[in-house]
>>> print(open('coords32.txt').read())   # compact mmCIF, N, CA and C atoms
# COMPACT_ATOMS: atom_id res chain seq x y z
N MET L 15 0.81 -1.19 0.00
CA MET L 15 0.00 0.00 0.00
C MET L 15 0.87 1.26 0.00
N LYS L 16 2.01 1.23 0.75
CA LYS L 16 2.90 2.38 0.77
C LYS L 16 3.43 2.70 -0.62
N THR L 17 3.74 1.66 -1.38
CA THR L 17 4.28 1.87 -2.71
C THR L 17 3.25 2.51 -3.63
N ILE L 18 2.02 2.05 -3.57
CA ILE L 18 0.95 2.62 -4.39
C ILE L 18 0.75 4.10 -4.05
N LEU L 19 0.69 4.41 -2.75
CA LEU L 19 0.52 5.80 -2.33
C LEU L 19 1.71 6.65 -2.75
N ASN L 20 2.92 6.10 -2.64
CA ASN L 20 4.10 6.86 -3.04
C ASN L 20 4.12 7.13 -4.54
N VAL L 21 3.69 6.18 -5.35
CA VAL L 21 3.68 6.39 -6.80
C VAL L 21 2.65 7.46 -7.16
N ILE L 22 1.46 7.37 -6.57
CA ILE L 22 0.43 8.39 -6.82
C ILE L 22 0.93 9.76 -6.34
N TRP L 23 1.55 9.78 -5.17
CA TRP L 23 2.11 11.00 -4.61
C TRP L 23 3.17 11.59 -5.55
N LEU L 24 4.04 10.74 -6.05
CA LEU L 24 5.11 11.19 -6.93
C LEU L 24 4.55 11.88 -8.17
N VAL L 25 3.52 11.30 -8.75
CA VAL L 25 2.94 11.85 -9.97
C VAL L 25 2.18 13.16 -9.69
N LEU L 26 1.40 13.19 -8.62
CA LEU L 26 0.54 14.34 -8.37
C LEU L 26 1.23 15.52 -7.70
N SER L 27 2.17 15.26 -6.80
CA SER L 27 2.78 16.41 -6.12
C SER L 27 4.23 16.21 -5.73
N GLY L 28 4.67 15.00 -5.51
CA GLY L 28 6.00 14.77 -4.98
C GLY L 28 7.13 15.29 -5.84
N PHE L 29 7.03 15.09 -7.15
CA PHE L 29 8.10 15.53 -8.04
C PHE L 29 8.23 17.05 -8.03
N TRP L 30 7.09 17.75 -8.05
CA TRP L 30 7.13 19.21 -8.09
C TRP L 30 7.63 19.79 -6.77
N LEU L 31 7.23 19.17 -5.66
CA LEU L 31 7.74 19.62 -4.37
C LEU L 31 9.24 19.36 -4.26
N PHE L 32 9.67 18.21 -4.77
CA PHE L 32 11.10 17.89 -4.76
C PHE L 32 11.89 18.93 -5.54
N LEU L 33 11.35 19.36 -6.68
CA LEU L 33 12.04 20.39 -7.46
C LEU L 33 12.16 21.69 -6.69
N GLY L 34 11.15 22.04 -5.90
CA GLY L 34 11.22 23.23 -5.06
C GLY L 34 12.30 23.12 -4.00
N TYR L 35 12.38 21.96 -3.36
CA TYR L 35 13.43 21.75 -2.36
C TYR L 35 14.81 21.72 -3.01
N LEU L 36 14.89 21.15 -4.20
CA LEU L 36 16.16 21.11 -4.92
C LEU L 36 16.63 22.51 -5.26
N ALA L 37 15.72 23.35 -5.74
CA ALA L 37 16.07 24.74 -6.07
C ALA L 37 16.51 25.49 -4.81
N ALA L 38 15.77 25.31 -3.72
CA ALA L 38 16.15 25.98 -2.47
C ALA L 38 17.51 25.49 -1.99
N GLY L 39 17.75 24.19 -2.08
CA GLY L 39 19.03 23.64 -1.64
C GLY L 39 20.19 24.15 -2.47
N LEU L 40 20.00 24.24 -3.78
CA LEU L 40 21.07 24.75 -4.63
C LEU L 40 21.35 26.21 -4.37
N LEU L 41 20.31 27.01 -4.17
CA LEU L 41 20.51 28.42 -3.84
C LEU L 41 21.21 28.60 -2.50
N LEU L 42 20.85 27.77 -1.53
CA LEU L 42 21.46 27.89 -0.21
C LEU L 42 22.90 27.40 -0.19
N CYS L 43 23.24 26.48 -1.08
CA CYS L 43 24.61 25.94 -1.13
C CYS L 43 25.59 26.85 -1.85
N ILE L 44 25.13 27.96 -2.38
CA ILE L 44 26.03 28.87 -3.09
C ILE L 44 27.10 29.41 -2.14
N THR L 45 26.72 29.71 -0.91
CA THR L 45 27.69 30.21 0.06
C THR L 45 28.10 29.08 1.01
N ILE L 46 29.24 29.23 1.60
CA ILE L 46 29.71 28.22 2.55
C ILE L 46 28.82 28.18 3.78
N ILE L 47 28.33 29.32 4.21
CA ILE L 47 27.47 29.37 5.39
C ILE L 47 26.15 28.67 5.14
N GLY L 48 25.66 28.68 3.90
CA GLY L 48 24.38 28.08 3.58
C GLY L 48 24.40 26.59 3.31
N ILE L 49 25.58 25.98 3.28
CA ILE L 49 25.66 24.55 2.95
C ILE L 49 24.86 23.66 3.91
N PRO L 50 24.91 23.87 5.24
CA PRO L 50 24.08 23.03 6.11
C PRO L 50 22.59 23.17 5.81
N PHE L 51 22.17 24.36 5.43
CA PHE L 51 20.77 24.57 5.08
C PHE L 51 20.43 23.89 3.76
N GLY L 52 21.36 23.93 2.83
CA GLY L 52 21.16 23.24 1.56
C GLY L 52 21.05 21.74 1.74
N ILE L 53 21.88 21.19 2.61
CA ILE L 53 21.82 19.75 2.90
C ILE L 53 20.47 19.41 3.54
N ALA L 54 20.00 20.26 4.43
CA ALA L 54 18.69 20.03 5.04
C ALA L 54 17.59 20.09 3.98
N ALA L 55 17.72 21.00 3.02
CA ALA L 55 16.73 21.08 1.95
C ALA L 55 16.74 19.82 1.10
N PHE L 56 17.91 19.29 0.80
CA PHE L 56 17.99 18.05 0.00
C PHE L 56 17.39 16.88 0.77
N ARG L 57 17.67 16.82 2.08
CA ARG L 57 17.15 15.73 2.92
C ARG L 57 15.62 15.76 2.98
N VAL L 58 15.07 16.91 3.22
CA VAL L 58 13.61 17.03 3.30
C VAL L 58 13.00 16.88 1.91
N GLY L 59 13.71 17.30 0.88
CA GLY L 59 13.23 17.13 -0.48
C GLY L 59 13.08 15.67 -0.86
N LEU L 60 14.03 14.84 -0.44
CA LEU L 60 13.90 13.40 -0.69
C LEU L 60 12.73 12.82 0.07
N TYR L 61 12.49 13.34 1.26
CA TYR L 61 11.33 12.91 2.04
C TYR L 61 10.03 13.34 1.36
N ALA L 62 10.02 14.54 0.79
CA ALA L 62 8.84 15.02 0.09
C ALA L 62 8.62 14.27 -1.22
N LEU L 63 9.68 13.69 -1.75
CA LEU L 63 9.56 12.92 -2.99
C LEU L 63 8.90 11.56 -2.76
N TRP L 64 9.19 10.92 -1.63
CA TRP L 64 8.73 9.55 -1.34
C TRP L 64 8.39 9.46 0.15
N PRO L 65 7.29 10.07 0.64
CA PRO L 65 7.06 10.22 2.07
C PRO L 65 6.45 9.03 2.80
N PHE L 66 5.65 8.23 2.10
CA PHE L 66 4.96 7.15 2.80
C PHE L 66 5.94 6.05 3.16
N GLY L 67 5.89 5.60 4.40
CA GLY L 67 6.83 4.62 4.91
C GLY L 67 7.97 5.26 5.68
N GLN L 68 7.92 6.59 5.83
CA GLN L 68 8.93 7.32 6.59
C GLN L 68 8.22 8.26 7.56
N THR L 69 8.92 8.65 8.59
CA THR L 69 8.37 9.59 9.56
C THR L 69 9.48 10.50 10.06
N VAL L 70 9.10 11.60 10.66
CA VAL L 70 10.04 12.58 11.19
C VAL L 70 10.07 12.47 12.71
N VAL L 71 11.27 12.37 13.28
CA VAL L 71 11.43 12.34 14.73
C VAL L 71 12.42 13.43 15.13
N ASP L 72 12.32 13.87 16.37
CA ASP L 72 13.26 14.85 16.90
C ASP L 72 14.59 14.17 17.22
N ARG L 73 15.67 14.86 16.90
CA ARG L 73 16.99 14.35 17.26
C ARG L 73 17.29 14.72 18.70
N ARG L 74 17.80 13.78 19.44
CA ARG L 74 18.10 14.03 20.85
C ARG L 74 19.30 14.94 21.03
N ASP L 75 20.22 14.91 20.07
CA ASP L 75 21.44 15.69 20.21
C ASP L 75 21.34 17.09 19.60
N ALA L 76 20.14 17.50 19.18
CA ALA L 76 19.96 18.84 18.61
C ALA L 76 20.01 19.87 19.74
N GLY L 77 20.76 20.92 19.50
CA GLY L 77 20.91 21.92 20.55
C GLY L 77 20.48 23.29 20.09
N ALA L 78 21.10 24.29 20.70
CA ALA L 78 20.74 25.68 20.42
C ALA L 78 21.08 26.07 19.00
N ALA L 79 22.11 25.47 18.42
CA ALA L 79 22.49 25.81 17.05
C ALA L 79 21.39 25.46 16.06
N SER L 80 20.71 24.33 16.29
CA SER L 80 19.62 23.98 15.38
C SER L 80 18.43 24.91 15.57
N CYS L 81 18.24 25.43 16.76
CA CYS L 81 17.16 26.40 17.00
C CYS L 81 17.44 27.70 16.25
N VAL L 82 18.66 28.19 16.34
CA VAL L 82 19.03 29.40 15.62
C VAL L 82 18.98 29.14 14.11
N GLY L 83 19.45 27.98 13.71
CA GLY L 83 19.41 27.62 12.29
C GLY L 83 17.99 27.53 11.76
N ASN L 84 17.07 27.04 12.58
CA ASN L 84 15.67 26.96 12.16
C ASN L 84 15.07 28.35 11.94
N VAL L 85 15.47 29.31 12.76
CA VAL L 85 14.98 30.68 12.57
C VAL L 85 15.48 31.23 11.24
N LEU L 86 16.76 31.01 10.95
CA LEU L 86 17.31 31.46 9.67
C LEU L 86 16.64 30.74 8.50
N TRP L 87 16.44 29.42 8.66
CA TRP L 87 15.79 28.63 7.62
C TRP L 87 14.38 29.16 7.35
N LEU L 88 13.65 29.46 8.41
CA LEU L 88 12.28 29.95 8.27
C LEU L 88 12.25 31.22 7.43
N VAL L 89 13.21 32.10 7.66
CA VAL L 89 13.26 33.36 6.92
C VAL L 89 13.73 33.14 5.48
N LEU L 90 14.75 32.30 5.28
CA LEU L 90 15.34 32.13 3.95
C LEU L 90 14.51 31.26 3.01
N ALA L 91 14.01 30.13 3.48
CA ALA L 91 13.37 29.19 2.56
C ALA L 91 12.13 28.52 3.12
N GLY L 92 12.02 28.42 4.42
CA GLY L 92 10.97 27.62 5.02
C GLY L 92 9.56 28.05 4.68
N TRP L 93 9.30 29.34 4.73
CA TRP L 93 7.92 29.76 4.50
C TRP L 93 7.53 29.59 3.04
N TRP L 94 8.50 29.70 2.10
CA TRP L 94 8.18 29.45 0.68
C TRP L 94 7.81 28.00 0.46
N LEU L 95 8.58 27.12 1.06
CA LEU L 95 8.32 25.69 0.89
C LEU L 95 7.02 25.27 1.58
N ALA L 96 6.76 25.84 2.75
CA ALA L 96 5.50 25.56 3.44
C ALA L 96 4.31 26.06 2.63
N LEU L 97 4.47 27.20 2.00
CA LEU L 97 3.41 27.72 1.13
C LEU L 97 3.15 26.78 -0.04
N GLY L 98 4.20 26.18 -0.59
CA GLY L 98 4.03 25.18 -1.64
C GLY L 98 3.25 23.97 -1.16
N HIS L 99 3.52 23.54 0.08
CA HIS L 99 2.77 22.41 0.64
C HIS L 99 1.30 22.78 0.88
N ILE L 100 1.05 24.00 1.32
CA ILE L 100 -0.33 24.42 1.56
C ILE L 100 -1.12 24.47 0.26
N VAL L 101 -0.55 25.08 -0.77
CA VAL L 101 -1.24 25.19 -2.06
C VAL L 101 -1.47 23.81 -2.67
N THR L 102 -0.45 22.97 -2.63
CA THR L 102 -0.59 21.62 -3.18
C THR L 102 -1.59 20.80 -2.38
N GLY L 103 -1.57 20.93 -1.06
CA GLY L 103 -2.51 20.20 -0.22
C GLY L 103 -3.95 20.59 -0.48
N ILE L 104 -4.19 21.87 -0.63
CA ILE L 104 -5.55 22.34 -0.94
C ILE L 104 -5.99 21.82 -2.30
N ALA L 105 -5.09 21.88 -3.29
CA ALA L 105 -5.44 21.39 -4.63
C ALA L 105 -5.74 19.90 -4.62
N LEU L 106 -5.00 19.13 -3.83
CA LEU L 106 -5.24 17.69 -3.76
C LEU L 106 -6.54 17.38 -3.04
N CYS L 107 -6.92 18.19 -2.07
CA CYS L 107 -8.15 17.94 -1.32
C CYS L 107 -9.42 18.24 -2.11
N VAL L 108 -9.29 18.77 -3.31
CA VAL L 108 -10.46 19.05 -4.13
C VAL L 108 -11.13 17.75 -4.58
N THR L 109 -10.33 16.72 -4.81
CA THR L 109 -10.90 15.43 -5.23
C THR L 109 -10.92 14.47 -4.04
N ILE L 110 -11.81 13.52 -4.09
CA ILE L 110 -11.92 12.53 -3.01
C ILE L 110 -10.67 11.67 -2.95
N ILE L 111 -10.15 11.27 -4.10
CA ILE L 111 -8.95 10.44 -4.13
C ILE L 111 -7.75 11.20 -3.59
N GLY L 112 -7.71 12.50 -3.78
CA GLY L 112 -6.57 13.29 -3.36
C GLY L 112 -6.58 13.71 -1.90
N ILE L 113 -7.67 13.48 -1.18
CA ILE L 113 -7.75 13.92 0.22
C ILE L 113 -6.66 13.31 1.10
N PRO L 114 -6.38 12.00 1.03
CA PRO L 114 -5.29 11.48 1.86
C PRO L 114 -3.93 12.08 1.50
N LEU L 115 -3.74 12.36 0.22
CA LEU L 115 -2.48 12.97 -0.20
C LEU L 115 -2.41 14.43 0.24
N GLY L 116 -3.54 15.12 0.23
CA GLY L 116 -3.57 16.49 0.73
C GLY L 116 -3.26 16.56 2.21
N ILE L 117 -3.81 15.61 2.97
CA ILE L 117 -3.53 15.56 4.41
C ILE L 117 -2.06 15.26 4.65
N ALA L 118 -1.49 14.36 3.84
CA ALA L 118 -0.05 14.07 3.96
C ALA L 118 0.77 15.32 3.64
N ASN L 119 0.31 16.10 2.69
CA ASN L 119 0.99 17.35 2.36
C ASN L 119 0.96 18.32 3.54
N PHE L 120 -0.18 18.40 4.22
CA PHE L 120 -0.27 19.27 5.39
C PHE L 120 0.63 18.78 6.52
N LYS L 121 0.84 17.47 6.61
CA LYS L 121 1.73 16.92 7.64
C LYS L 121 3.19 17.24 7.37
N LEU L 122 3.53 17.59 6.13
CA LEU L 122 4.90 17.95 5.79
C LEU L 122 5.23 19.40 6.12
N ILE L 123 4.22 20.20 6.43
CA ILE L 123 4.45 21.62 6.69
C ILE L 123 5.39 21.86 7.89
N PRO L 124 5.21 21.18 9.04
CA PRO L 124 6.14 21.46 10.15
C PRO L 124 7.61 21.19 9.82
N VAL L 125 7.88 20.11 9.12
CA VAL L 125 9.28 19.81 8.80
C VAL L 125 9.80 20.73 7.70
N SER L 126 8.92 21.27 6.87
CA SER L 126 9.39 22.23 5.87
C SER L 126 9.68 23.58 6.52
N LEU L 127 9.00 23.90 7.59
CA LEU L 127 9.25 25.16 8.29
C LEU L 127 10.49 25.08 9.19
N LEU L 128 10.65 23.98 9.91
CA LEU L 128 11.73 23.84 10.89
C LEU L 128 12.42 22.48 10.74
N PRO L 129 13.30 22.30 9.73
CA PRO L 129 13.87 20.98 9.47
C PRO L 129 15.08 20.61 10.33
N LEU L 130 15.76 21.59 10.88
CA LEU L 130 16.98 21.28 11.64
C LEU L 130 16.60 20.72 13.01
N GLY L 131 17.32 19.71 13.43
CA GLY L 131 16.99 19.04 14.69
C GLY L 131 15.99 17.92 14.50
N LYS L 132 15.69 17.60 13.26
CA LYS L 132 14.77 16.51 12.94
C LYS L 132 15.52 15.44 12.16
N GLU L 133 15.02 14.23 12.24
CA GLU L 133 15.60 13.12 11.50
C GLU L 133 14.47 12.36 10.83
N ILE L 134 14.69 11.94 9.60
CA ILE L 134 13.70 11.18 8.85
C ILE L 134 14.10 9.72 8.91
N VAL L 135 13.20 8.90 9.47
CA VAL L 135 13.48 7.48 9.66
C VAL L 135 12.34 6.65 9.09
N PRO L 136 12.60 5.38 8.79
CA PRO L 136 11.50 4.50 8.35
C PRO L 136 10.46 4.33 9.45
N THR L 137 9.21 4.12 9.07
CA THR L 137 8.15 4.01 10.06
C THR L 137 8.25 2.74 10.90
N ASP L 138 8.98 1.75 10.43
CA ASP L 138 9.12 0.55 11.22
C ASP L 138 10.11 0.71 12.37
N ARG L 139 10.86 1.81 12.42
CA ARG L 139 11.74 2.10 13.56
C ARG L 139 11.72 3.61 13.85
N PRO L 140 10.59 4.16 14.31
CA PRO L 140 10.46 5.60 14.50
C PRO L 140 11.27 6.18 15.66
N PHE L 141 11.80 5.35 16.53
CA PHE L 141 12.54 5.88 17.67
C PHE L 141 14.03 5.76 17.49
N ALA L 142 14.47 5.42 16.29
CA ALA L 142 15.89 5.28 16.02
C ALA L 142 16.54 6.66 15.91
N THR L 143 17.67 6.81 16.56
CA THR L 143 18.46 8.05 16.45
C THR L 143 19.90 7.65 16.24
N ARG L 144 20.68 8.63 15.92
CA ARG L 144 22.10 8.35 15.66
C ARG L 144 22.85 8.08 16.92
>>> encode(input="coords32.txt", output="structure tokens")
Amino acid sequence: MKTILNVIWLVLSGFWLFLGYLAAGLLLCITIIGIPFGIAAFRVGLYALWPFGQTVVDRRDAGAASCVGNVLWLVLAGWWLALGHIVTGIALCVTIIGIPLGIANFKLIPVSLLPLGKEIVPTDRPFATR
């Protein structure tokens, strides 16, 4: 079932969202200071490409640096990406078949706004950390 949902997701919204994260990651990687943010964009972009079967958990070792980084991320790229999830989620909720995908899109908004200090893990081991 996860594979079917992921394929439908990929066709309807995942690929386009991934391209948004890819563009944000490339723009953020232009400077040396932005490389950690670019890596976070690529990581979340892969999650947005194939989300079913994965979940987001808080990292235990995340500290104040990830909090400051999240504020910078929110200003630089987070709200644009969250806006993309909102628009795509609303568009998917127009059809009955798209409602579960729209809800999944809305669930991606928190990680698109504040990705630092989070880890994406398979759903069969949601409490795994580094």
>>> select_by_dssp(input="coords32.txt", residues="segment 37-97 of chain L", states="strand (DSSP E or B)", output="compact mmCIF listing (two decimals) with N, CA and C atoms, keeping the file's coordinate frame")
# COMPACT_ATOMS: atom_id res chain seq x y z
N GLN L 68 7.92 6.59 5.83
CA GLN L 68 8.93 7.32 6.59
C GLN L 68 8.22 8.26 7.56
N THR L 69 8.92 8.65 8.59
CA THR L 69 8.37 9.59 9.56
C THR L 69 9.48 10.50 10.06
N VAL L 70 9.10 11.60 10.66
CA VAL L 70 10.04 12.58 11.19
C VAL L 70 10.07 12.47 12.71
N VAL L 71 11.27 12.37 13.28
CA VAL L 71 11.43 12.34 14.73
C VAL L 71 12.42 13.43 15.13
N ASP L 72 12.32 13.87 16.37
CA ASP L 72 13.26 14.85 16.90
C ASP L 72 14.59 14.17 17.22
>>> residues_around(input="coords32.txt", residues="Lys132 of chain L", least_positions_apart="6", cutoff="7 Å", atoms="only C-alpha atoms", output="list in words")
Val70, Val71, Asp72 and Arg73 of chain L
>>> atom_distance(input="coords32.txt", atom1="atom N of Leu86 of chain L", atom2="atom N of Ala62 of chain L")
20.5 Å
>>> atom_distance(input="coords32.txt", atom1="atom C of Ile49 of chain L", atom2="atom C of Asp138 of chain L")
28.6 Å
>>> closest_residue(input="coords32.txt", among="L:Pro65, L:Gly28, L:Gly34, L:Gly52", to="Pro136 of chain L", atoms="only C-alpha atoms")
L:Pro65
>>> decode(input="coords32.txt", residues="segment 68-121 of chain L", atoms="C-alpha atoms", output="mmCIF file, in the first residue's frame")
data_model
loop_
_atom_site.group_PDB
_atom_site.id
_atom_site.type_symbol
_atom_site.label_atom_id
_atom_site.label_comp_id
_atom_site.auth_asym_id
_atom_site.auth_seq_id
_atom_site.Cartn_x
_atom_site.Cartn_y
_atom_site.Cartn_z
ATOM 1 C CA GLN L 68 8.931 7.323 6.592
ATOM 2 C CA THR L 69 8.373 9.591 9.558
ATOM 3 C CA VAL L 70 10.042 12.579 11.192
ATOM 4 C CA VAL L 71 11.429 12.338 14.730
ATOM 5 C CA ASP L 72 13.260 14.852 16.901
ATOM 6 C CA ARG L 73 16.992 14.347 17.263
ATOM 7 C CA ARG L 74 18.098 14.033 20.853
ATOM 8 C CA ASP L 75 21.441 15.689 20.210
ATOM 9 C CA ALA L 76 19.956 18.841 18.613
ATOM 10 C CA GLY L 77 20.915 21.923 20.546
ATOM 11 C CA ALA L 78 20.738 25.678 20.423
ATOM 12 C CA ALA L 79 22.490 25.813 17.052
ATOM 13 C CA SER L 80 19.624 23.980 15.377
ATOM 14 C CA CYS L 81 17.164 26.396 17.001
ATOM 15 C CA VAL L 82 19.034 29.403 15.615
ATOM 16 C CA GLY L 83 19.406 27.617 12.292
ATOM 17 C CA ASN L 84 15.670 26.964 12.157
ATOM 18 C CA VAL L 85 14.975 30.675 12.573
ATOM 19 C CA LEU L 86 17.309 31.458 9.671
ATOM 20 C CA TRP L 87 15.787 28.634 7.621
ATOM 21 C CA LEU L 88 12.280 29.948 8.270
ATOM 22 C CA VAL L 89 13.262 33.361 6.921
ATOM 23 C CA LEU L 90 15.340 32.133 3.952
ATOM 24 C CA ALA L 91 13.369 29.192 2.559
ATOM 25 C CA GLY L 92 10.973 27.624 5.023
ATOM 26 C CA TRP L 93 7.923 29.756 4.498
ATOM 27 C CA TRP L 94 8.182 29.451 0.683
ATOM 28 C CA LEU L 95 8.321 25.687 0.888
ATOM 29 C CA ALA L 96 5.499 25.557 3.439
ATOM 30 C CA LEU L 97 3.414 27.724 1.134
ATOM 31 C CA GLY L 98 4.031 25.183 -1.640
ATOM 32 C CA HIS L 99 2.769 22.409 0.642
ATOM 33 C CA ILE L 100 -0.332 24.424 1.562
ATOM 34 C CA VAL L 101 -1.238 25.192 -2.058
ATOM 35 C CA THR L 102 -0.588 21.620 -3.178
ATOM 36 C CA GLY L 103 -2.509 20.197 -0.217
ATOM 37 C CA ILE L 104 -5.549 22.337 -0.938
ATOM 38 C CA ALA L 105 -5.438 21.391 -4.635
ATOM 39 C CA LEU L 106 -5.243 17.692 -3.758
ATOM 40 C CA CYS L 107 -8.148 17.941 -1.318
ATOM 41 C CA VAL L 108 -10.458 19.051 -4.134
ATOM 42 C CA THR L 109 -10.901 15.426 -5.228
ATOM 43 C CA ILE L 110 -11.919 12.534 -3.008
ATOM 44 C CA ILE L 111 -8.952 10.439 -4.133
ATOM 45 C CA GLY L 112 -6.571 13.289 -3.357
ATOM 46 C CA ILE L 113 -7.752 13.922 0.219
ATOM 47 C CA PRO L 114 -5.288 11.476 1.865
ATOM 48 C CA LEU L 115 -2.481 12.972 -0.198
ATOM 49 C CA GLY L 116 -3.568 16.486 0.728
ATOM 50 C CA ILE L 117 -3.532 15.557 4.410
ATOM 51 C CA ALA L 118 -0.049 14.073 3.955
ATOM 52 C CA ASN L 119 0.992 17.351 2.364
ATOM 53 C CA PHE L 120 -0.272 19.267 5.387
ATOM 54 C CA LYS L 121 1.727 16.922 7.642
#
